[in-house]
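Data block for data_30.txt (compact mmCIF, N, CA and C atoms):
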```
# COMPACT_ATOMS: atom_id res chain seq x y z
N MET D 1 107.83 110.86 88.49
CA MET D 1 106.60 110.60 89.19
C MET D 1 106.79 109.37 90.08
N THR D 2 106.36 109.50 91.32
CA THR D 2 106.45 108.37 92.24
C THR D 2 105.23 107.47 92.09
N VAL D 3 105.32 106.29 92.66
CA VAL D 3 104.19 105.36 92.63
C VAL D 3 102.98 105.98 93.32
N GLN D 4 103.20 106.63 94.45
CA GLN D 4 102.09 107.26 95.18
C GLN D 4 101.43 108.34 94.33
N GLN D 5 102.22 109.12 93.63
CA GLN D 5 101.66 110.15 92.76
C GLN D 5 100.89 109.52 91.60
N ALA D 6 101.41 108.42 91.06
CA ALA D 6 100.73 107.72 89.97
C ALA D 6 99.39 107.15 90.43
N VAL D 7 99.37 106.60 91.63
CA VAL D 7 98.11 106.06 92.18
C VAL D 7 97.10 107.19 92.34
N GLN D 8 97.54 108.32 92.90
CA GLN D 8 96.64 109.46 93.09
C GLN D 8 96.13 109.98 91.75
N ALA D 9 97.01 110.06 90.75
CA ALA D 9 96.60 110.54 89.43
C ALA D 9 95.58 109.58 88.81
N TYR D 10 95.80 108.30 89.00
CA TYR D 10 94.88 107.29 88.47
C TYR D 10 93.51 107.43 89.13
N LEU D 11 93.49 107.59 90.45
CA LEU D 11 92.22 107.73 91.16
C LEU D 11 91.50 109.01 90.76
N GLU D 12 92.25 110.08 90.53
CA GLU D 12 91.64 111.33 90.06
C GLU D 12 91.07 111.16 88.66
N HIS D 13 91.78 110.41 87.83
CA HIS D 13 91.29 110.12 86.47
C HIS D 13 89.97 109.35 86.54
N LEU D 14 89.91 108.37 87.43
CA LEU D 14 88.67 107.62 87.59
C LEU D 14 87.52 108.52 88.00
N LYS D 15 87.80 109.44 88.92
CA LYS D 15 86.77 110.36 89.40
C LYS D 15 86.28 111.25 88.25
N SER D 16 87.24 111.81 87.49
CA SER D 16 86.85 112.70 86.40
C SER D 16 86.19 111.95 85.25
N SER D 17 86.39 110.64 85.19
CA SER D 17 85.77 109.82 84.14
C SER D 17 84.38 109.34 84.53
N GLY D 18 83.94 109.69 85.73
CA GLY D 18 82.59 109.37 86.15
C GLY D 18 82.41 108.04 86.86
N TYR D 19 83.50 107.41 87.30
CA TYR D 19 83.37 106.17 88.07
C TYR D 19 82.69 106.46 89.40
N SER D 20 81.91 105.53 89.86
CA SER D 20 81.20 105.72 91.13
C SER D 20 82.18 105.71 92.30
N TYR D 21 81.71 106.24 93.42
CA TYR D 21 82.53 106.25 94.63
C TYR D 21 82.94 104.83 95.02
N ASN D 22 82.01 103.90 94.94
CA ASN D 22 82.31 102.50 95.31
C ASN D 22 83.37 101.88 94.41
N ASP D 23 83.29 102.13 93.10
CA ASP D 23 84.30 101.61 92.18
C ASP D 23 85.68 102.21 92.47
N ARG D 24 85.70 103.52 92.72
CA ARG D 24 86.98 104.19 93.03
C ARG D 24 87.56 103.67 94.34
N ALA D 25 86.71 103.48 95.33
CA ALA D 25 87.17 102.98 96.63
C ALA D 25 87.70 101.56 96.52
N ARG D 26 87.04 100.73 95.72
CA ARG D 26 87.50 99.35 95.52
C ARG D 26 88.87 99.33 94.84
N LYS D 27 89.03 100.15 93.81
CA LYS D 27 90.31 100.20 93.11
C LYS D 27 91.41 100.77 94.01
N ALA D 28 91.07 101.75 94.82
CA ALA D 28 92.05 102.33 95.75
C ALA D 28 92.49 101.28 96.78
N ARG D 29 91.55 100.48 97.28
CA ARG D 29 91.91 99.42 98.23
C ARG D 29 92.84 98.40 97.60
N ILE D 30 92.55 98.02 96.37
CA ILE D 30 93.41 97.05 95.67
C ILE D 30 94.82 97.62 95.52
N LEU D 31 94.91 98.87 95.09
CA LEU D 31 96.23 99.48 94.89
C LEU D 31 96.99 99.65 96.20
N CYS D 32 96.29 100.08 97.24
CA CYS D 32 96.97 100.36 98.51
C CYS D 32 97.24 99.11 99.34
N ARG D 33 96.33 98.17 99.33
CA ARG D 33 96.50 96.98 100.17
C ARG D 33 97.26 95.86 99.51
N TRP D 34 97.26 95.80 98.17
CA TRP D 34 97.89 94.67 97.48
C TRP D 34 99.01 95.09 96.54
N PHE D 35 98.72 96.01 95.63
CA PHE D 35 99.71 96.34 94.62
C PHE D 35 100.95 97.00 95.21
N THR D 36 100.77 98.04 96.01
CA THR D 36 101.91 98.78 96.54
C THR D 36 102.80 97.92 97.44
N PRO D 37 102.25 97.17 98.41
CA PRO D 37 103.12 96.29 99.19
C PRO D 37 103.79 95.20 98.34
N ALA D 38 103.07 94.68 97.34
CA ALA D 38 103.67 93.66 96.46
C ALA D 38 104.82 94.25 95.66
N LEU D 39 104.69 95.50 95.27
CA LEU D 39 105.77 96.17 94.56
C LEU D 39 107.02 96.24 95.45
N ALA D 40 106.81 96.54 96.72
CA ALA D 40 107.94 96.58 97.66
C ALA D 40 108.56 95.19 97.85
N LEU D 41 107.75 94.15 97.75
CA LEU D 41 108.29 92.79 97.91
C LEU D 41 109.27 92.43 96.80
N TYR D 42 109.03 92.90 95.60
CA TYR D 42 109.83 92.47 94.46
C TYR D 42 110.81 93.49 93.91
N HIS D 43 110.68 94.74 94.27
CA HIS D 43 111.60 95.75 93.72
C HIS D 43 112.98 95.56 94.34
N PRO D 44 114.02 95.47 93.52
CA PRO D 44 115.36 95.17 94.04
C PRO D 44 115.99 96.27 94.90
N ALA D 45 115.49 97.49 94.84
CA ALA D 45 116.07 98.57 95.64
C ALA D 45 115.57 98.59 97.08
N ILE D 46 114.47 97.91 97.36
CA ILE D 46 113.86 97.99 98.68
C ILE D 46 114.71 97.36 99.79
N PRO D 47 115.30 96.17 99.59
CA PRO D 47 116.11 95.61 100.69
C PRO D 47 117.25 96.52 101.15
N SER D 48 117.96 97.15 100.23
CA SER D 48 119.05 98.03 100.64
C SER D 48 118.51 99.29 101.31
N THR D 49 117.34 99.73 100.89
CA THR D 49 116.71 100.89 101.53
C THR D 49 116.34 100.55 102.97
N ILE D 50 115.79 99.37 103.19
CA ILE D 50 115.42 98.96 104.54
C ILE D 50 116.66 98.72 105.40
N ALA D 51 117.69 98.17 104.80
CA ALA D 51 118.94 97.93 105.55
C ALA D 51 119.52 99.23 106.08
N ALA D 52 119.32 100.31 105.37
CA ALA D 52 119.85 101.61 105.79
C ALA D 52 118.88 102.40 106.66
N LEU D 53 117.71 101.85 106.91
CA LEU D 53 116.64 102.56 107.61
C LEU D 53 116.67 102.27 109.11
N SER D 54 116.44 103.29 109.90
CA SER D 54 116.29 103.09 111.34
C SER D 54 114.87 103.49 111.74
N VAL D 55 114.45 103.07 112.90
CA VAL D 55 113.09 103.35 113.37
C VAL D 55 112.85 104.86 113.45
N SER D 56 113.85 105.61 113.86
CA SER D 56 113.69 107.06 113.99
C SER D 56 113.47 107.75 112.64
N GLU D 57 113.82 107.09 111.54
CA GLU D 57 113.64 107.68 110.20
C GLU D 57 112.26 107.40 109.61
N LEU D 58 111.48 106.57 110.28
CA LEU D 58 110.14 106.26 109.80
C LEU D 58 109.22 107.45 110.03
N PRO D 59 108.24 107.65 109.13
CA PRO D 59 107.23 108.68 109.41
C PRO D 59 106.53 108.35 110.73
N ALA D 60 106.07 109.35 111.43
CA ALA D 60 105.48 109.15 112.77
C ALA D 60 104.39 108.08 112.77
N ALA D 61 103.59 108.03 111.72
CA ALA D 61 102.51 107.04 111.67
C ALA D 61 103.03 105.62 111.55
N GLU D 62 104.27 105.46 111.06
CA GLU D 62 104.83 104.12 110.86
C GLU D 62 105.67 103.65 112.05
N GLU D 63 105.95 104.53 113.00
CA GLU D 63 106.76 104.17 114.16
C GLU D 63 105.92 103.38 115.17
N THR D 64 105.82 102.11 114.95
CA THR D 64 105.06 101.26 115.85
C THR D 64 105.96 100.15 116.36
N GLU D 65 105.47 99.44 117.35
CA GLU D 65 106.22 98.30 117.88
C GLU D 65 106.42 97.24 116.80
N GLN D 66 105.39 97.03 115.97
CA GLN D 66 105.49 96.05 114.90
C GLN D 66 106.53 96.45 113.87
N SER D 67 106.54 97.72 113.50
CA SER D 67 107.55 98.20 112.54
C SER D 67 108.94 98.05 113.10
N SER D 68 109.09 98.35 114.38
CA SER D 68 110.40 98.20 115.03
C SER D 68 110.85 96.75 115.03
N LEU D 69 109.92 95.84 115.30
CA LEU D 69 110.23 94.41 115.28
C LEU D 69 110.69 93.97 113.89
N PHE D 70 109.95 94.40 112.86
CA PHE D 70 110.31 94.06 111.49
C PHE D 70 111.73 94.55 111.16
N LEU D 71 112.01 95.82 111.47
CA LEU D 71 113.34 96.37 111.17
C LEU D 71 114.44 95.63 111.93
N LYS D 72 114.17 95.29 113.18
CA LYS D 72 115.17 94.58 113.99
C LYS D 72 115.49 93.21 113.37
N ILE D 73 114.46 92.47 113.01
CA ILE D 73 114.67 91.14 112.41
C ILE D 73 115.36 91.27 111.07
N PHE D 74 114.95 92.23 110.26
CA PHE D 74 115.59 92.40 108.94
C PHE D 74 117.05 92.78 109.11
N HIS D 75 117.35 93.71 109.99
CA HIS D 75 118.74 94.13 110.20
C HIS D 75 119.59 92.97 110.72
N ASN D 76 119.05 92.18 111.65
CA ASN D 76 119.80 91.03 112.16
C ASN D 76 120.08 90.01 111.05
N ASP D 77 119.09 89.74 110.23
CA ASP D 77 119.25 88.79 109.13
C ASP D 77 120.21 89.29 108.07
N SER D 78 120.14 90.58 107.77
CA SER D 78 120.94 91.11 106.66
C SER D 78 122.42 91.16 106.97
N VAL D 79 122.80 90.88 108.21
CA VAL D 79 124.22 90.79 108.56
C VAL D 79 124.84 89.57 107.87
N SER D 80 124.07 88.48 107.81
CA SER D 80 124.61 87.25 107.24
C SER D 80 124.01 86.88 105.89
N VAL D 81 122.92 87.53 105.49
CA VAL D 81 122.24 87.18 104.24
C VAL D 81 121.99 88.45 103.44
N THR D 82 122.25 88.40 102.14
CA THR D 82 121.91 89.51 101.26
C THR D 82 120.64 89.13 100.51
N TYR D 83 119.59 89.87 100.73
CA TYR D 83 118.32 89.58 100.08
C TYR D 83 118.22 90.34 98.76
N LEU D 84 117.87 89.62 97.70
CA LEU D 84 117.68 90.25 96.40
C LEU D 84 116.33 90.94 96.33
N ASN D 85 115.37 90.43 97.08
CA ASN D 85 114.07 91.09 97.22
C ASN D 85 113.45 90.65 98.54
N LEU D 86 112.42 91.34 98.95
CA LEU D 86 111.80 91.05 100.25
C LEU D 86 110.93 89.80 100.22
N ALA D 87 110.52 89.37 99.05
CA ALA D 87 109.71 88.15 98.99
C ALA D 87 110.49 86.98 99.58
N VAL D 88 111.78 86.92 99.31
CA VAL D 88 112.62 85.85 99.86
C VAL D 88 112.73 86.00 101.38
N PHE D 89 112.88 87.22 101.87
CA PHE D 89 112.95 87.47 103.31
C PHE D 89 111.68 86.99 104.00
N PHE D 90 110.51 87.31 103.42
CA PHE D 90 109.26 86.93 104.06
C PHE D 90 108.94 85.44 103.93
N GLU D 91 109.58 84.76 103.00
CA GLU D 91 109.46 83.30 102.97
C GLU D 91 110.11 82.71 104.23
N ALA D 92 111.17 83.34 104.67
CA ALA D 92 111.86 82.90 105.89
C ALA D 92 111.17 83.40 107.16
N HIS D 93 110.45 84.51 107.06
CA HIS D 93 109.81 85.13 108.23
C HIS D 93 108.35 85.50 107.92
N PRO D 94 107.51 84.55 107.59
CA PRO D 94 106.12 84.90 107.24
C PRO D 94 105.33 85.51 108.39
N GLU D 95 105.75 85.25 109.60
CA GLU D 95 105.01 85.73 110.77
C GLU D 95 105.06 87.25 110.92
N ILE D 96 106.00 87.92 110.27
CA ILE D 96 106.08 89.37 110.44
C ILE D 96 105.63 90.16 109.21
N LEU D 97 105.09 89.48 108.22
CA LEU D 97 104.64 90.18 107.01
C LEU D 97 103.59 91.24 107.35
N ASP D 98 102.62 90.90 108.18
CA ASP D 98 101.59 91.88 108.56
C ASP D 98 102.19 93.09 109.27
N SER D 99 103.26 92.86 110.03
CA SER D 99 103.91 93.94 110.76
C SER D 99 104.58 94.94 109.81
N ALA D 100 104.96 94.47 108.65
CA ALA D 100 105.73 95.30 107.74
C ALA D 100 104.90 95.98 106.66
N THR D 101 103.63 95.68 106.59
CA THR D 101 102.81 96.18 105.49
C THR D 101 102.85 97.70 105.37
N SER D 102 102.75 98.41 106.47
CA SER D 102 102.73 99.88 106.38
C SER D 102 104.08 100.42 105.91
N ILE D 103 105.17 99.81 106.35
CA ILE D 103 106.49 100.24 105.88
C ILE D 103 106.62 99.96 104.38
N LEU D 104 106.15 98.80 103.95
CA LEU D 104 106.23 98.44 102.54
C LEU D 104 105.43 99.43 101.68
N GLN D 105 104.26 99.80 102.14
CA GLN D 105 103.45 100.77 101.41
C GLN D 105 104.17 102.10 101.31
N CYS D 106 104.75 102.52 102.41
CA CYS D 106 105.46 103.80 102.45
C CYS D 106 106.66 103.80 101.50
N LEU D 107 107.48 102.76 101.56
CA LEU D 107 108.67 102.70 100.72
C LEU D 107 108.34 102.54 99.25
N ALA D 108 107.37 101.70 98.93
CA ALA D 108 107.00 101.50 97.52
C ALA D 108 106.37 102.76 96.95
N GLY D 109 105.65 103.49 97.77
CA GLY D 109 105.04 104.73 97.30
C GLY D 109 106.06 105.77 96.90
N ARG D 110 107.27 105.68 97.43
CA ARG D 110 108.34 106.63 97.11
C ARG D 110 109.14 106.25 95.87
N LEU D 111 108.95 105.04 95.37
CA LEU D 111 109.69 104.60 94.18
C LEU D 111 109.28 105.42 92.96
N ALA D 112 110.24 105.69 92.10
CA ALA D 112 109.93 106.35 90.84
C ALA D 112 109.34 105.33 89.88
N VAL D 113 108.25 105.68 89.26
CA VAL D 113 107.58 104.76 88.35
C VAL D 113 108.53 104.32 87.24
N LYS D 114 109.38 105.22 86.77
CA LYS D 114 110.29 104.89 85.67
C LYS D 114 111.33 103.84 86.07
N HIS D 115 111.49 103.57 87.35
CA HIS D 115 112.45 102.57 87.82
C HIS D 115 111.82 101.20 88.07
N ILE D 116 110.59 101.03 87.64
CA ILE D 116 109.92 99.74 87.79
C ILE D 116 110.07 98.99 86.47
N SER D 117 110.84 97.94 86.50
CA SER D 117 111.09 97.19 85.28
C SER D 117 109.90 96.31 84.92
N GLU D 118 109.88 95.85 83.71
CA GLU D 118 108.82 94.94 83.26
C GLU D 118 108.84 93.66 84.08
N ARG D 119 110.04 93.16 84.39
CA ARG D 119 110.18 91.93 85.17
C ARG D 119 109.55 92.11 86.55
N VAL D 120 109.84 93.23 87.21
CA VAL D 120 109.26 93.49 88.53
C VAL D 120 107.75 93.63 88.42
N GLY D 121 107.29 94.30 87.38
CA GLY D 121 105.85 94.44 87.18
C GLY D 121 105.15 93.09 87.03
N LYS D 122 105.77 92.19 86.30
CA LYS D 122 105.18 90.86 86.12
C LYS D 122 105.16 90.09 87.44
N GLN D 123 106.23 90.23 88.23
CA GLN D 123 106.27 89.55 89.53
C GLN D 123 105.16 90.08 90.45
N VAL D 124 104.97 91.38 90.43
CA VAL D 124 103.94 92.00 91.27
C VAL D 124 102.56 91.53 90.84
N LEU D 125 102.31 91.52 89.55
CA LEU D 125 100.99 91.09 89.07
C LEU D 125 100.77 89.60 89.30
N GLY D 126 101.84 88.82 89.35
CA GLY D 126 101.73 87.40 89.65
C GLY D 126 101.51 87.12 91.11
N TYR D 127 101.80 88.09 91.97
CA TYR D 127 101.65 87.94 93.41
C TYR D 127 100.17 87.89 93.73
```
As structure tokens, what does this structure read like?
Amino acid sequence: MTVQQAVQAYLEHLKSSGYSYNDRARKARILCRWFTPALALYHPAIPSTIAALSVSELPAAEETEQSSLFLKIFHNDSVSVTYLNLAVFFEAHPEILDSATSILQCLAGRLAVKHISERVGKQVLGY
């Protein structure tokens, strides 16, 4: 099960449990705007995934000038620096974090839930 599938299953569970539309929408916003991008910041597989990614491989909705800028800067940096996670990269480049949010959501959504360690989970919740 991927993170995106887990989020959808959770939201469906909330709906079937009788949570109001507003409560479900609030929880969905938290998961999509904060949890999923934070997961991409700390998961150790994401930097190598981005290093191998080109703009043409992005889903059509993610192919923007901002996404291209993020990939260009990351690729240029990764020639001389190996990032263990993206949180370290964004400490060096905080100005492009907003540009990368949609890519981070997309990549984190594809992660298998079983590959999220307790350590990464704690880092995400601490974010």
Of the candidates D:Gln8, D:Gln123, D:Ser117, D:Ser99, which one gets nearest to D:Phe70 if we count all atoms listed in the file?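 The closest residue to D:Phe70 is D:Ser99.
Atom N of D:Leu53 to atom C of D:Asp98 spans 18.0 Å [interatomic distance, one decimal].
By only N, CA and C atoms, and with residues fewer than 5 positions from D:Thr2 along its chain excluded, the set lying at most 6 Å from it is D:Val7, D:Gly109, D:Arg110, D:Leu111, D:Ala112, D:Val113.
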Tell me, in Å to one decimal, how far atom CA of D:Ser67 is from atom C of D:Ile50. 11.6 Å
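For the atom pair formed by atom CA of D:Arg33 and atom CA of D:Ser102, the distance is 9.3 Å, given to one decimal.
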Can you tell me, as a VMD selection string, which residues in stretch 16-101 of chain D count as helix (DSSP H, G or I) by DSSP? chain D and resid 16 21 to 42 46 to 51 55 to 57 60 to 62 65 to 78 86 to 92 94 to 101
Need to verify the contact set: D:Leu84, 8 Å, only C-alpha atoms, exclusion of same-chain residues closer than 2 positions in sequence. Can you return it as a PDB file with N, CA and C atoms, keeping the file's coordinate frame?
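To be explicit, this is the file written out as out20.pdb:
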```
ATOM      1  N   PRO D  44     114.020  95.470  93.520  1.00  0.00           N
ATOM      2  CA  PRO D  44     115.360  95.170  94.040  1.00  0.00           C
ATOM      3  C   PRO D  44     115.990  96.270  94.900  1.00  0.00           C
ATOM      4  N   PRO D  47     115.300  96.170  99.590  1.00  0.00           N
ATOM      5  CA  PRO D  47     116.110  95.610 100.690  1.00  0.00           C
ATOM      6  C   PRO D  47     117.250  96.520 101.150  1.00  0.00           C
ATOM      7  N   THR D  82     122.250  88.400 102.140  1.00  0.00           N
ATOM      8  CA  THR D  82     121.910  89.510 101.260  1.00  0.00           C
ATOM      9  C   THR D  82     120.640  89.130 100.510  1.00  0.00           C
ATOM     10  N   LEU D  86     112.420  91.340  98.950  1.00  0.00           N
ATOM     11  CA  LEU D  86     111.800  91.050 100.250  1.00  0.00           C
ATOM     12  C   LEU D  86     110.930  89.800 100.220  1.00  0.00           C
ATOM     13  N   VAL D  88     111.780  86.920  99.310  1.00  0.00           N
ATOM     14  CA  VAL D  88     112.620  85.850  99.860  1.00  0.00           C
ATOM     15  C   VAL D  88     112.730  86.000 101.380  1.00  0.00           C
TER      16      VAL D  88
END
```
Taking (107.6, 93.0, 92.5) in the file's own coordinates, collect the residues within 7 Å, counting only N, CA and C atoms, and hand them back as a VMD selection string. chain D and resid 38 to 44 119 to 125
Which polymer residues, protein or nucleic acid, are no farther than 10 Å from (115.9, 96.9, 110.3), counting only C-alpha atoms, as a PyMOL selection string? chain D and resi 47+49-55+67-78
Between D:Ala25, D:Ala87, D:His13, D:Ile30, which residue has the minimum interatomic distance to D:Ala100, considering only C-alpha atoms?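 When distances to D:Ala100 are compared using only C-alpha atoms, the smallest one comes from D:Ala87.
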